[in-house]
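Novice: So I've got this file, start18.txt, and it contains compact mmCIF, C-alpha atoms:
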```
# COMPACT_ATOMS: atom_id res chain seq x y z
CA MET A 1176 -2.17 52.08 -64.76
CA SER A 1177 1.40 53.25 -65.34
CA LEU A 1178 2.79 56.71 -65.99
CA ARG A 1179 4.01 55.40 -69.34
CA HIS A 1180 0.58 56.36 -70.69
CA ALA A 1181 0.79 59.99 -69.52
CA PRO A 1182 0.44 62.40 -72.47
CA ILE A 1183 3.45 64.67 -72.89
CA ALA A 1184 3.92 67.38 -75.51
CA PHE A 1185 7.49 68.46 -76.18
CA ALA A 1186 7.60 69.03 -79.94
CA VAL A 1187 8.55 72.71 -79.65
CA ALA A 1188 11.44 72.01 -77.31
CA ALA A 1189 12.63 69.18 -79.55
CA LEU A 1190 12.85 71.57 -82.48
CA LEU A 1191 15.03 73.86 -80.40
CA ALA A 1192 17.39 71.06 -79.39
CA PRO A 1193 20.97 72.21 -80.08
CA PRO A 1194 23.97 70.13 -81.14
CA ALA A 1195 25.72 68.21 -78.37
CA PHE A 1196 28.84 69.32 -76.55
CA ALA A 1197 31.95 67.96 -78.18
CA GLN A 1198 32.80 66.25 -74.91
CA LEU A 1199 31.07 65.75 -71.58
CA GLN A 1200 32.87 67.17 -68.58
CA PRO A 1201 33.84 64.17 -66.38
CA TRP A 1202 33.67 66.07 -63.07
CA ALA A 1203 29.92 66.69 -63.49
CA TYR A 1204 29.32 62.95 -63.81
CA GLY A 1205 31.45 61.81 -60.89
CA LEU A 1206 34.37 60.74 -63.07
CA ARG A 1207 38.03 61.67 -62.98
CA ALA A 1208 38.21 60.90 -66.70
CA TYR A 1209 35.61 59.74 -69.15
CA PRO A 1210 36.01 56.03 -70.09
CA GLU A 1211 37.31 55.44 -73.60
CA THR A 1212 34.74 52.67 -74.06
CA PRO A 1213 32.00 53.29 -71.51
CA ASP A 1214 29.13 50.94 -70.80
CA ASP A 1215 26.11 52.10 -72.79
CA TYR A 1216 22.83 51.77 -70.89
CA THR A 1217 20.74 53.55 -73.55
CA GLU A 1218 19.22 50.42 -75.10
CA ARG A 1219 19.94 48.00 -72.30
CA CYS A 1220 17.38 49.52 -69.94
CA LEU A 1221 14.48 50.09 -72.33
CA GLY A 1222 11.54 47.98 -71.19
CA ASN A 1223 13.53 46.15 -68.52
CA ARG A 1224 12.87 45.83 -64.83
CA PRO A 1225 14.55 48.83 -63.17
CA ALA A 1226 16.84 46.55 -61.17
CA ASP A 1227 18.31 45.24 -64.43
CA CYS A 1228 19.61 48.75 -65.19
CA ASP A 1229 21.68 49.02 -62.04
CA ARG A 1230 25.46 48.93 -62.29
CA PRO A 1231 26.64 46.15 -59.93
CA GLY A 1232 28.98 47.14 -57.14
CA GLY A 1233 27.84 50.72 -56.84
CA MET A 1234 27.14 50.70 -53.11
CA ALA A 1235 29.70 50.18 -50.36
CA ARG A 1236 29.99 46.54 -49.32
CA ASP A 1237 30.77 44.66 -46.12
CA PRO A 1238 29.63 41.02 -45.96
CA SER A 1239 30.09 40.88 -42.17
CA ASP A 1240 27.37 41.48 -39.61
CA THR A 1241 29.33 44.29 -37.96
CA GLN A 1242 26.95 46.79 -36.39
CA ARG A 1243 27.72 50.38 -37.41
CA THR A 1244 26.87 53.47 -35.40
CA LEU A 1245 26.40 57.10 -36.36
CA GLU A 1246 26.70 60.07 -34.04
CA GLY A 1247 23.29 61.48 -33.13
CA SER A 1248 21.39 58.31 -34.00
CA GLU A 1249 20.09 55.77 -31.48
CA PHE A 1250 20.20 52.95 -34.03
CA THR A 1251 22.81 50.50 -35.27
CA PHE A 1252 22.87 48.84 -38.68
CA THR A 1253 25.05 46.57 -40.78
CA VAL A 1254 26.29 47.90 -44.11
CA ALA A 1255 23.93 45.49 -45.86
CA GLU A 1256 21.01 47.06 -43.98
CA ILE A 1257 22.25 50.57 -44.68
CA THR A 1258 22.45 50.00 -48.42
CA SER A 1259 19.43 47.70 -48.83
CA ARG A 1260 17.62 48.35 -52.10
CA TYR A 1261 14.23 47.45 -50.61
CA GLY A 1262 14.25 48.98 -47.14
CA PRO A 1263 17.41 51.02 -46.51
CA ALA A 1264 18.29 51.91 -42.94
CA ASP A 1265 16.74 55.07 -41.56
CA TRP A 1266 19.21 56.72 -39.18
CA PHE A 1267 17.02 59.69 -38.28
CA PRO A 1268 13.27 58.95 -38.63
CA GLN A 1269 12.55 62.13 -36.66
CA ASP A 1270 13.87 64.19 -39.58
CA HIS A 1271 10.98 63.41 -41.92
CA PRO A 1272 7.30 62.38 -42.10
CA GLU A 1273 6.23 58.74 -42.22
CA PRO A 1274 7.38 57.60 -45.67
CA PRO A 1275 5.01 55.87 -48.10
CA ALA A 1276 5.82 52.31 -49.13
CA ILE A 1277 7.37 53.28 -52.46
CA VAL A 1278 9.84 55.58 -50.68
CA ALA A 1279 10.73 53.22 -47.84
CA ARG A 1280 10.57 49.81 -49.53
CA GLY A 1281 10.02 50.17 -53.26
CA ARG A 1282 8.57 47.09 -54.97
CA ILE A 1283 10.90 44.13 -54.71
CA ASP A 1284 8.85 41.83 -56.96
CA ASP A 1285 9.11 44.33 -59.82
CA GLY A 1286 12.68 45.42 -59.18
CA LEU A 1287 11.82 49.01 -58.15
CA ARG A 1288 14.27 50.05 -55.47
CA ALA A 1289 13.09 52.28 -52.63
CA CYS A 1290 13.32 56.00 -53.41
CA ALA A 1291 15.21 56.44 -50.12
CA ASN A 1292 17.97 54.13 -51.30
CA CYS A 1293 19.30 56.90 -53.56
CA HIS A 1294 17.53 60.10 -52.56
CA MET A 1295 17.63 59.38 -48.80
CA TYR A 1296 14.64 59.60 -46.49
CA ASN A 1297 15.22 63.35 -46.14
CA GLY A 1298 15.46 63.92 -49.90
CA ARG A 1299 18.96 65.38 -49.93
CA GLY A 1300 20.43 62.69 -52.14
CA LEU A 1301 24.11 62.56 -53.07
CA MET A 1302 26.09 64.01 -55.95
CA GLN A 1303 25.09 61.08 -58.19
CA ASN A 1304 21.38 61.86 -58.05
CA ALA A 1305 18.80 64.55 -57.49
CA PRO A 1306 18.12 66.45 -54.26
CA VAL A 1307 14.32 66.12 -54.21
CA ALA A 1308 13.32 67.54 -50.82
CA GLY A 1309 11.04 70.54 -51.08
CA LEU A 1310 10.32 70.19 -54.80
CA PRO A 1311 6.83 71.32 -55.86
CA VAL A 1312 4.48 68.39 -56.36
CA ASP A 1313 3.57 69.38 -59.93
CA TYR A 1314 7.23 69.76 -60.89
CA PHE A 1315 8.10 66.38 -59.32
CA LEU A 1316 5.30 64.65 -61.23
CA ARG A 1317 6.24 66.41 -64.47
CA GLN A 1318 9.77 65.05 -64.22
CA LEU A 1319 8.47 61.51 -63.75
CA GLU A 1320 6.32 61.99 -66.84
CA ASP A 1321 9.32 63.28 -68.80
CA PHE A 1322 11.42 60.29 -67.72
CA THR A 1323 8.55 58.04 -68.79
CA SER A 1324 8.05 59.60 -72.23
CA GLY A 1325 11.75 59.94 -73.03
CA ALA A 1326 11.61 63.72 -72.88
CA ARG A 1327 14.25 63.61 -70.13
CA ILE A 1328 17.29 61.37 -70.46
CA THR A 1329 20.89 61.71 -69.35
CA SER A 1330 23.55 62.92 -71.79
CA ASP A 1331 25.89 60.23 -70.47
CA PRO A 1332 25.12 56.71 -71.79
CA HIS A 1333 27.49 55.45 -69.07
CA LYS A 1334 25.31 56.83 -66.23
CA ALA A 1335 23.42 53.72 -65.16
CA ASN A 1336 21.25 55.34 -62.49
CA GLY A 1337 19.92 57.87 -65.00
CA PHE A 1338 18.47 55.03 -67.06
CA GLU A 1339 17.31 53.19 -63.97
CA MET A 1340 15.40 56.29 -62.89
CA ALA A 1341 13.61 56.35 -66.24
CA ALA A 1342 12.76 52.66 -65.85
CA ILE A 1343 11.42 53.28 -62.34
CA ALA A 1344 9.26 56.15 -63.62
CA ARG A 1345 7.81 53.91 -66.36
CA ASN A 1346 6.78 51.35 -63.77
CA LEU A 1347 5.33 53.60 -61.06
CA THR A 1348 1.59 53.71 -60.57
CA PRO A 1349 0.01 57.19 -60.45
CA GLU A 1350 -0.73 56.60 -56.76
CA GLU A 1351 2.93 55.78 -56.01
CA ALA A 1352 4.13 58.81 -57.96
CA GLN A 1353 1.72 61.10 -56.13
CA ALA A 1354 2.69 59.66 -52.74
CA ALA A 1355 6.41 60.16 -53.38
CA ALA A 1356 5.87 63.69 -54.70
CA GLU A 1357 3.80 64.74 -51.68
CA TYR A 1358 6.18 63.10 -49.22
CA TYR A 1359 9.33 64.83 -50.50
CA ASN A 1360 7.52 68.12 -51.01
CA ALA A 1361 6.69 68.15 -47.28
CA ILE A 1362 10.38 68.03 -46.27
CA PRO A 1363 12.18 71.40 -46.20
CA PHE A 1364 15.46 71.27 -48.09
CA GLU A 1365 18.47 72.10 -45.92
CA LYS A 1366 21.84 73.31 -47.12
CA THR A 1367 24.71 70.84 -46.89
CA PHE A 1368 27.37 72.59 -49.00
CA ARG A 1369 30.12 75.08 -48.34
CA VAL A 1370 31.93 76.46 -51.36
CA VAL A 1371 35.69 77.05 -51.30
CA GLU A 1372 37.46 78.89 -54.09
CA SER A 1373 40.87 77.31 -54.57
CA ASP A 1374 43.57 76.47 -57.09
CA THR A 1375 43.90 73.00 -55.55
CA VAL A 1376 41.70 70.18 -54.29
CA PRO A 1377 42.49 67.24 -51.98
CA VAL A 1378 43.56 64.15 -53.89
CA PHE A 1379 40.38 62.12 -54.43
CA THR A 1380 39.01 58.97 -55.98
CA ASN A 1381 35.64 58.16 -57.49
CA THR A 1382 33.32 55.24 -56.77
CA ILE A 1383 31.89 53.08 -59.51
CA ASN A 1384 28.61 55.00 -59.34
CA GLY A 1385 30.16 58.45 -59.45
CA LEU A 1386 30.70 59.64 -55.89
CA PHE A 1387 33.95 61.51 -55.27
CA LEU A 1388 35.73 60.54 -52.06
CA ASP A 1389 38.66 62.06 -50.17
CA GLU A 1390 39.68 58.87 -48.40
CA VAL A 1391 43.43 59.21 -47.86
CA ASP A 1392 45.64 62.01 -46.63
CA ASP A 1393 47.63 62.25 -49.83
CA GLY A 1394 48.03 65.99 -50.29
CA THR A 1395 46.44 68.07 -53.00
CA GLU A 1396 46.31 68.26 -56.78
CA PRO A 1397 45.59 71.16 -59.14
CA LEU A 1398 41.88 71.88 -59.45
CA GLY A 1399 42.10 73.22 -62.98
CA ASN A 1400 38.92 73.85 -64.93
CA ARG A 1401 36.74 71.68 -62.71
CA LEU A 1402 34.32 71.86 -59.82
CA ILE A 1403 34.81 69.04 -57.32
CA GLU A 1404 32.20 68.11 -54.72
CA LEU A 1405 33.63 66.11 -51.80
CA PRO A 1406 32.08 64.79 -48.57
CA GLU A 1407 33.29 66.39 -45.38
CA ASP A 1408 33.63 62.79 -44.12
CA SER A 1409 33.99 60.15 -46.85
CA TYR A 1410 33.42 57.20 -44.49
CA GLU A 1411 30.14 58.61 -43.19
CA VAL A 1412 28.87 59.30 -46.69
CA ASN A 1413 30.04 56.21 -48.55
CA MET A 1414 29.84 53.51 -45.88
CA LEU A 1415 27.17 54.86 -43.51
CA ARG A 1416 25.20 56.99 -46.00
CA ASN A 1417 24.68 59.66 -43.37
CA PRO A 1418 21.73 61.75 -44.58
CA ARG A 1419 22.90 64.73 -42.51
CA ALA A 1420 26.44 64.73 -43.92
CA GLY A 1421 28.03 67.90 -45.21
CA PHE A 1422 29.98 68.53 -48.42
CA VAL A 1423 32.67 70.94 -49.52
CA VAL A 1424 32.70 72.26 -53.07
CA TYR A 1425 36.03 73.28 -54.61
CA ALA A 1426 35.66 75.86 -57.37
CA PRO A 1427 38.24 77.94 -59.29
CA PRO A 1428 38.98 81.43 -57.90
CA GLY A 1429 36.48 84.01 -59.13
CA SER A 1430 33.70 81.49 -59.64
CA LEU A 1431 31.30 82.98 -57.10
CA GLU A 1432 31.58 86.52 -58.41
CA ARG A 1433 31.21 85.36 -62.00
CA GLY A 1434 28.36 83.05 -61.05
CA GLU A 1435 26.44 85.80 -59.30
CA LEU A 1436 26.76 88.00 -62.38
CA LEU A 1437 25.48 85.27 -64.69
CA VAL A 1438 22.65 84.15 -62.43
CA THR A 1439 21.33 87.60 -61.54
CA THR A 1440 21.86 89.47 -64.81
CA GLY A 1441 22.54 86.89 -67.51
CA GLY A 1442 26.05 88.23 -68.02
CA GLU A 1443 27.60 91.10 -69.90
CA GLY A 1444 27.79 91.80 -73.60
CA ALA A 1445 25.44 92.35 -76.51
CA VAL A 1446 24.79 88.60 -76.52
CA PRO A 1447 25.01 87.55 -72.85
CA PRO A 1448 25.75 83.90 -72.05
CA THR A 1449 22.35 83.34 -70.43
CA VAL A 1450 19.34 85.12 -68.91
CA ASP A 1451 18.52 86.27 -65.40
CA CYS A 1452 17.74 82.94 -63.72
CA ARG A 1453 15.53 84.67 -61.17
CA SER A 1454 12.87 85.41 -63.79
CA CYS A 1455 11.74 81.76 -63.63
CA HIS A 1456 13.35 80.40 -60.46
CA GLY A 1457 12.35 83.23 -58.12
CA ARG A 1458 14.07 86.35 -56.78
CA ASP A 1459 15.70 84.25 -54.07
CA LEU A 1460 16.22 81.27 -56.45
CA ARG A 1461 14.04 79.14 -54.22
CA GLY A 1462 11.64 78.30 -56.99
CA MET A 1463 8.37 79.59 -58.42
CA THR A 1464 5.03 77.88 -58.86
CA GLY A 1465 2.56 78.18 -61.72
CA ILE A 1466 3.03 78.31 -65.48
CA GLY A 1467 6.62 79.06 -66.37
CA GLY A 1468 7.79 78.58 -62.78
CA GLY A 1469 11.11 76.85 -62.29
CA PRO A 1470 12.23 74.56 -59.45
CA PRO A 1471 14.34 75.73 -56.48
CA LEU A 1472 18.07 76.02 -57.19
CA ALA A 1473 19.57 77.65 -54.09
CA GLY A 1474 21.81 75.37 -52.05
CA ARG A 1475 21.39 72.33 -54.34
CA SER A 1476 24.15 69.95 -55.46
CA PRO A 1477 26.39 71.70 -58.00
CA SER A 1478 27.22 68.41 -59.72
CA TYR A 1479 23.52 67.70 -60.20
CA LEU A 1480 22.82 71.24 -61.43
CA ALA A 1481 25.72 71.08 -63.90
CA ARG A 1482 24.40 67.83 -65.39
CA GLN A 1483 21.03 69.47 -65.95
CA LEU A 1484 22.61 72.41 -67.77
CA TYR A 1485 24.54 70.00 -69.97
CA ASP A 1486 21.43 67.89 -70.56
CA PHE A 1487 19.42 70.92 -71.65
CA LYS A 1488 22.22 72.10 -73.93
CA ASN A 1489 22.59 68.63 -75.42
CA GLY A 1490 18.84 68.51 -76.10
CA LYS A 1491 18.34 65.63 -73.66
CA ARG A 1492 15.73 67.44 -71.57
CA ARG A 1493 12.87 68.33 -73.91
CA GLY A 1494 9.94 68.52 -71.54
CA ALA A 1495 7.60 71.46 -71.13
CA MET A 1496 10.33 73.65 -69.57
CA GLY A 1497 12.82 72.74 -72.29
CA ALA A 1498 11.49 75.44 -74.58
CA LEU A 1499 12.55 78.02 -71.97
CA MET A 1500 15.75 76.39 -70.72
CA ILE A 1501 17.35 75.29 -73.98
CA PRO A 1502 17.73 78.84 -75.36
CA ALA A 1503 18.97 80.00 -71.95
CA VAL A 1504 21.94 77.59 -72.01
CA LEU A 1505 22.94 77.75 -75.68
CA ASN A 1506 25.71 80.33 -75.10
CA LEU A 1507 27.12 78.83 -71.89
CA ASP A 1508 30.65 77.48 -71.93
CA ASP A 1509 32.20 75.18 -69.33
CA ASP A 1510 33.55 78.09 -67.27
CA ASP A 1511 30.05 79.57 -67.15
CA VAL A 1512 28.57 76.27 -65.97
CA ILE A 1513 31.13 75.99 -63.17
CA ALA A 1514 30.52 79.56 -62.04
CA ILE A 1515 26.73 79.25 -62.10
CA VAL A 1516 26.50 76.02 -60.12
CA ALA A 1517 29.14 77.09 -57.59
CA TYR A 1518 27.22 80.28 -56.88
CA LEU A 1519 23.89 78.46 -56.60
CA ALA A 1520 25.39 75.88 -54.22
CA SER A 1521 26.65 78.69 -51.97
CA LEU A 1522 23.16 80.13 -51.40
CA ASP A 1523 20.82 79.37 -48.52
CA PRO A 1524 17.85 77.28 -49.71
```
Using the file provided, produce a representation of the structure as structure tokens.

Specialist:
Amino acid sequence: MSLRHAPIAFAVAALLAPPAFAQLQPWAYGLRAYPETPDDYTERCLGNRPADCDRPGGMARDPSDTQRTLEGSEFTFTVAEITSRYGPADWFPQDHPEPPAIVARGRIDDGLRACANCHMYNGRGLMQNAPVAGLPVDYFLRQLEDFTSGARITSDPHKANGFEMAAIARNLTPEEAQAAAEYYNAIPFEKTFRVVESDTVPVFTNTINGLFLDEVDDGTEPLGNRLIELPEDSYEVNMLRNPRAGFVVYAPPGSLERGELLVTTGGEGAVPPTVDCRSCHGRDLRGMTGIGGGPPLAGRSPSYLARQLYDFKNGKRRGAMGALMIPAVLNLDDDDVIAIVAYLASLDP
């Protein structure tokens, strides 16, 4: 039995779906600029094997058998082993419980890559995908159901892994979904971000799958109206996929103060931009359980959080929580989004 048969009701949220943003913000999707004619994965991935939705060339490549090392790990791996779709290298097995098969190996015959290939064995993920460690089991399963039903899709038709995730969810068995949810729930989420307010950012590039990298010492460029999430060490993140790696978030000056105001009060004015986020996500923004409870936000990837705000505002997330979230984001502008996610990323999870 597949999750594709799970009953989902999202009619109310669908009625509340607002008009789309005039333009997606490239920085939230790991792009320096949005392609004029992007690949469109919307139709291409419907009903296909998940592997058919992948954008080729997304992972770092090295055809040699050179053994790589990582400080703190007793193991060595080739790049092919590190990035394997169906059994990625595990640098630090002591950092997590024994993973179930769907997390560690996926299902090669059906083209379902291992969860750990994107989300890592410790659930931290990278800026291209979700940080899933410590998520409540019921929330985790609800997201898989929303991916399956079409109640949750990415606003960006160019974002291949968003459509691949939906294809994976459609093909998971209930047992696999439950095993993955319980596994990642058991891993405490640890903060990997430090937020720096700045007018500039190191010159950076982006990978084909949307990971920003600071690979060359080529000075700085104006930050402008963006939030840029960069690895502390681009080689360790891109080539070695170090699950313990840290990141630095560059945000415009004043973002943290503005973000705290928005997150904790909803903002000023007769019609504030949003609502007090703590009413659903907890006083410490570490999540709430039960009806109406939201997932943990503190310390999570700002790029990921920004995409979710855009997806709600664009009406692309219409699951059970959409009825609450869509009205909460209707009045947000791009400056508000930057401020909110920068502040959330700065918090201890």

Novice: Using all atoms listed in the file, find all polymer residues with an atom at most 12 Å away from the point (11.3, 80.7, -62.2); report them as a PDB file with C-alpha atoms, in the frame of the given file.

Specialist:
```
ATOM      1  CA  TYR A1314       7.230  69.760 -60.890  1.00  0.00           C
ATOM      2  CA  VAL A1438      22.650  84.150 -62.430  1.00  0.00           C
ATOM      3  CA  VAL A1450      19.340  85.120 -68.910  1.00  0.00           C
ATOM      4  CA  ASP A1451      18.520  86.270 -65.400  1.00  0.00           C
ATOM      5  CA  CYS A1452      17.740  82.940 -63.720  1.00  0.00           C
ATOM      6  CA  ARG A1453      15.530  84.670 -61.170  1.00  0.00           C
ATOM      7  CA  SER A1454      12.870  85.410 -63.790  1.00  0.00           C
ATOM      8  CA  CYS A1455      11.740  81.760 -63.630  1.00  0.00           C
ATOM      9  CA  HIS A1456      13.350  80.400 -60.460  1.00  0.00           C
ATOM     10  CA  GLY A1457      12.350  83.230 -58.120  1.00  0.00           C
ATOM     11  CA  ARG A1458      14.070  86.350 -56.780  1.00  0.00           C
ATOM     12  CA  ASP A1459      15.700  84.250 -54.070  1.00  0.00           C
ATOM     13  CA  LEU A1460      16.220  81.270 -56.450  1.00  0.00           C
ATOM     14  CA  ARG A1461      14.040  79.140 -54.220  1.00  0.00           C
ATOM     15  CA  GLY A1462      11.640  78.300 -56.990  1.00  0.00           C
ATOM     16  CA  MET A1463       8.370  79.590 -58.420  1.00  0.00           C
ATOM     17  CA  THR A1464       5.030  77.880 -58.860  1.00  0.00           C
ATOM     18  CA  GLY A1465       2.560  78.180 -61.720  1.00  0.00           C
ATOM     19  CA  ILE A1466       3.030  78.310 -65.480  1.00  0.00           C
ATOM     20  CA  GLY A1467       6.620  79.060 -66.370  1.00  0.00           C
ATOM     21  CA  GLY A1468       7.790  78.580 -62.780  1.00  0.00           C
ATOM     22  CA  GLY A1469      11.110  76.850 -62.290  1.00  0.00           C
ATOM     23  CA  PRO A1470      12.230  74.560 -59.450  1.00  0.00           C
ATOM     24  CA  PRO A1471      14.340  75.730 -56.480  1.00  0.00           C
ATOM     25  CA  LEU A1472      18.070  76.020 -57.190  1.00  0.00           C
ATOM     26  CA  ALA A1473      19.570  77.650 -54.090  1.00  0.00           C
ATOM     27  CA  MET A1496      10.330  73.650 -69.570  1.00  0.00           C
ATOM     28  CA  LEU A1499      12.550  78.020 -71.970  1.00  0.00           C
ATOM     29  CA  MET A1500      15.750  76.390 -70.720  1.00  0.00           C
TER      30      MET A1500
END
```

Novice: Would you kindly return, as number ranges by chain, each protein, DNA or RNA residue with an atom no farther than 12 Å from any atom of A:Ile1277, considering only C-alpha atoms and excluding same-chain residues fewer than 3 positions away?

Specialist: A: 1260-1263, 1273-1274, 1280-1283, 1285-1292, 1296, 1343-1344, 1346-1356, 1358-1359

Novice: Take the residues just selected and output them with C-alpha atoms as a tab-separated table (two decimals), in the frame of the given file.

Specialist:
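This is the output file part_26.tsv:
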```tsv
chain	number	residue	atom	x	y	z
A	1260	ARG	CA	17.62	48.35	-52.10
A	1261	TYR	CA	14.23	47.45	-50.61
A	1262	GLY	CA	14.25	48.98	-47.14
A	1263	PRO	CA	17.41	51.02	-46.51
A	1273	GLU	CA	6.23	58.74	-42.22
A	1274	PRO	CA	7.38	57.60	-45.67
A	1280	ARG	CA	10.57	49.81	-49.53
A	1281	GLY	CA	10.02	50.17	-53.26
A	1282	ARG	CA	8.57	47.09	-54.97
A	1283	ILE	CA	10.90	44.13	-54.71
A	1285	ASP	CA	9.11	44.33	-59.82
A	1286	GLY	CA	12.68	45.42	-59.18
A	1287	LEU	CA	11.82	49.01	-58.15
A	1288	ARG	CA	14.27	50.05	-55.47
A	1289	ALA	CA	13.09	52.28	-52.63
A	1290	CYS	CA	13.32	56.00	-53.41
A	1291	ALA	CA	15.21	56.44	-50.12
A	1292	ASN	CA	17.97	54.13	-51.30
A	1296	TYR	CA	14.64	59.60	-46.49
A	1343	ILE	CA	11.42	53.28	-62.34
A	1344	ALA	CA	9.26	56.15	-63.62
A	1346	ASN	CA	6.78	51.35	-63.77
A	1347	LEU	CA	5.33	53.60	-61.06
A	1348	THR	CA	1.59	53.71	-60.57
A	1349	PRO	CA	0.01	57.19	-60.45
A	1350	GLU	CA	-0.73	56.60	-56.76
A	1351	GLU	CA	2.93	55.78	-56.01
A	1352	ALA	CA	4.13	58.81	-57.96
A	1353	GLN	CA	1.72	61.10	-56.13
A	1354	ALA	CA	2.69	59.66	-52.74
A	1355	ALA	CA	6.41	60.16	-53.38
A	1356	ALA	CA	5.87	63.69	-54.70
A	1358	TYR	CA	6.18	63.10	-49.22
A	1359	TYR	CA	9.33	64.83	-50.50
```

Novice: How close does each residue of stretch 1413-1507 of chain A get to stretch 1324-1337 of chain A, giving the shortest atom pair and distance in Å to one decimal for every residue with an atom at most 6 Å away, counting all atoms listed in the file, sorted by chain and residue number, as a Markdown table?

Specialist:
```
| residue | atom | partner | partner_atom | distance |
| --- | --- | --- | --- | --- |
| A:Asp1486 | CA | A:Ser1330 | CA | 5.5 |
| A:Lys1491 | CA | A:Ile1328 | CA | 5.4 |
| A:Arg1492 | CA | A:Arg1327 | CA | 4.4 |
| A:Arg1493 | CA | A:Ala1326 | CA | 4.9 |
| A:Gly1494 | CA | A:Ala1326 | CA | 5.3 |
```

Novice: How would you write as an NGL selection string the residues that get within 12 Å of (22.1, 57.0, -59.5) in the file's frame, counting all atoms listed in the file?

Specialist: :A and (1204-1205 or 1225-1226 or 1228-1231 or 1233-1234 or 1288 or 1290-1295 or 1300-1306 or 1329 or 1333-1341 or 1343 or 1382-1386 or 1479)

Novice: Give me the residues of stretch 1186-1269 of chain A that have any atom at most 7 Å from an atom of stretch 1402-1416 of chain A; for each, the nearest atom pair and the distance in Å, rounded to one decimal. Use only C-alpha atoms, sort by chain and number, and format it as CSV.

Specialist:
```
residue,atom,partner,partner_atom,distance
A:Trp1202,CA,A:Ile1403,CA,6.6
A:Ala1235,CA,A:Met1414,CA,5.6
A:Val1254,CA,A:Met1414,CA,6.9
A:Ile1257,CA,A:Leu1415,CA,6.6
```

Novice: Take atom CA of A:Glu1320 and atom CA of A:Ile1513 and report the distance between them in Å, one decimal.

Specialist: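 It comes out at 28.7 Å.
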
Novice: May I ask for the distance between atom CA of A:Gly1298 and atom CA of A:Arg1224, given in Å to one decimal place?

Specialist: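 These two atoms are separated by 23.6 Å.
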
Novice: What's the 9 Å shell around stretch 1362-1376 of chain A, counting only C-alpha atoms, without same-chain residues fewer than 4 positions away, as number ranges by chain?

Specialist: A: 1270-1272, 1297-1299, 1306-1310, 1358, 1394-1399, 1403-1404, 1419-1431, 1473-1476, 1517-1518, 1520-1524

Novice: Interatomic distance between atom CA of A:Phe1387 and atom CA of A:Arg1207?

Specialist: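 Spanning atom CA of A:Phe1387 to atom CA of A:Arg1207 is a straight-line distance of 8.7 Å.
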
Novice: Rank A:Ile1515, A:Val1504, A:Val1446, A:Leu1437 by their smallest atom-to-atom distance to A:Leu1480, using only C-alpha atoms, and report the top residue only.

Specialist: A:Ile1515

Novice: Measuring atom to atom with only C-alpha atoms, identify which of A:Thr1212, A:Asn1417, A:Thr1380, A:Thr1440 is nearest to A:Thr1244.

Specialist: A:Asn1417

Novice: Give, as AutoDock Vina command-line options, the centre coordinates and the x, y and z edge lengths in Å to one decimal for an axis-aligned box around all listed atoms of stretch 1353-1369 of chain A, padded by 8 Å on each side.

Specialist:
```
--center_x 15.9 --center_y 67.4 --center_z -51.0 --size_x 44.4 --size_y 31.4 --size_z 26.2
```

Novice: Can you put N, CA and C atoms back into stretch 1245-1255 of chain A and show it as a PDB file, in the coordinates of the input?

Specialist:
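And here is the file that came out, rebuild.pdb:
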```
ATOM      1  N   LEU A1245      26.276  55.758 -35.800  1.00  0.00           N
ATOM      2  CA  LEU A1245      26.400  57.100 -36.360  1.00  0.00           C
ATOM      3  C   LEU A1245      26.048  58.108 -35.279  1.00  0.00           C
ATOM      4  N   GLU A1246      26.915  59.069 -35.078  1.00  0.00           N
ATOM      5  CA  GLU A1246      26.700  60.070 -34.040  1.00  0.00           C
ATOM      6  C   GLU A1246      25.343  60.752 -34.213  1.00  0.00           C
ATOM      7  N   GLY A1247      24.593  60.834 -33.122  1.00  0.00           N
ATOM      8  CA  GLY A1247      23.290  61.480 -33.130  1.00  0.00           C
ATOM      9  C   GLY A1247      22.135  60.530 -33.363  1.00  0.00           C
ATOM     10  N   SER A1248      22.450  59.283 -33.759  1.00  0.00           N
ATOM     11  CA  SER A1248      21.390  58.310 -34.000  1.00  0.00           C
ATOM     12  C   SER A1248      21.395  57.270 -32.882  1.00  0.00           C
ATOM     13  N   GLU A1249      20.218  56.798 -32.517  1.00  0.00           N
ATOM     14  CA  GLU A1249      20.090  55.770 -31.480  1.00  0.00           C
ATOM     15  C   GLU A1249      20.146  54.362 -32.057  1.00  0.00           C
ATOM     16  N   PHE A1250      20.292  54.251 -33.378  1.00  0.00           N
ATOM     17  CA  PHE A1250      20.200  52.950 -34.030  1.00  0.00           C
ATOM     18  C   PHE A1250      21.580  52.427 -34.430  1.00  0.00           C
ATOM     19  N   THR A1251      21.638  51.137 -34.688  1.00  0.00           N
ATOM     20  CA  THR A1251      22.810  50.500 -35.270  1.00  0.00           C
ATOM     21  C   THR A1251      22.361  49.650 -36.447  1.00  0.00           C
ATOM     22  N   PHE A1252      23.206  49.601 -37.492  1.00  0.00           N
ATOM     23  CA  PHE A1252      22.870  48.840 -38.680  1.00  0.00           C
ATOM     24  C   PHE A1252      24.125  48.218 -39.267  1.00  0.00           C
ATOM     25  N   THR A1253      23.963  47.108 -39.967  1.00  0.00           N
ATOM     26  CA  THR A1253      25.050  46.570 -40.780  1.00  0.00           C
ATOM     27  C   THR A1253      25.083  47.344 -42.094  1.00  0.00           C
ATOM     28  N   VAL A1254      26.196  47.219 -42.820  1.00  0.00           N
ATOM     29  CA  VAL A1254      26.290  47.900 -44.110  1.00  0.00           C
ATOM     30  C   VAL A1254      25.237  47.364 -45.074  1.00  0.00           C
ATOM     31  N   ALA A1255      24.958  46.069 -45.002  1.00  0.00           N
ATOM     32  CA  ALA A1255      23.930  45.490 -45.860  1.00  0.00           C
ATOM     33  C   ALA A1255      22.562  46.114 -45.579  1.00  0.00           C
TER      34      ALA A1255
END
```
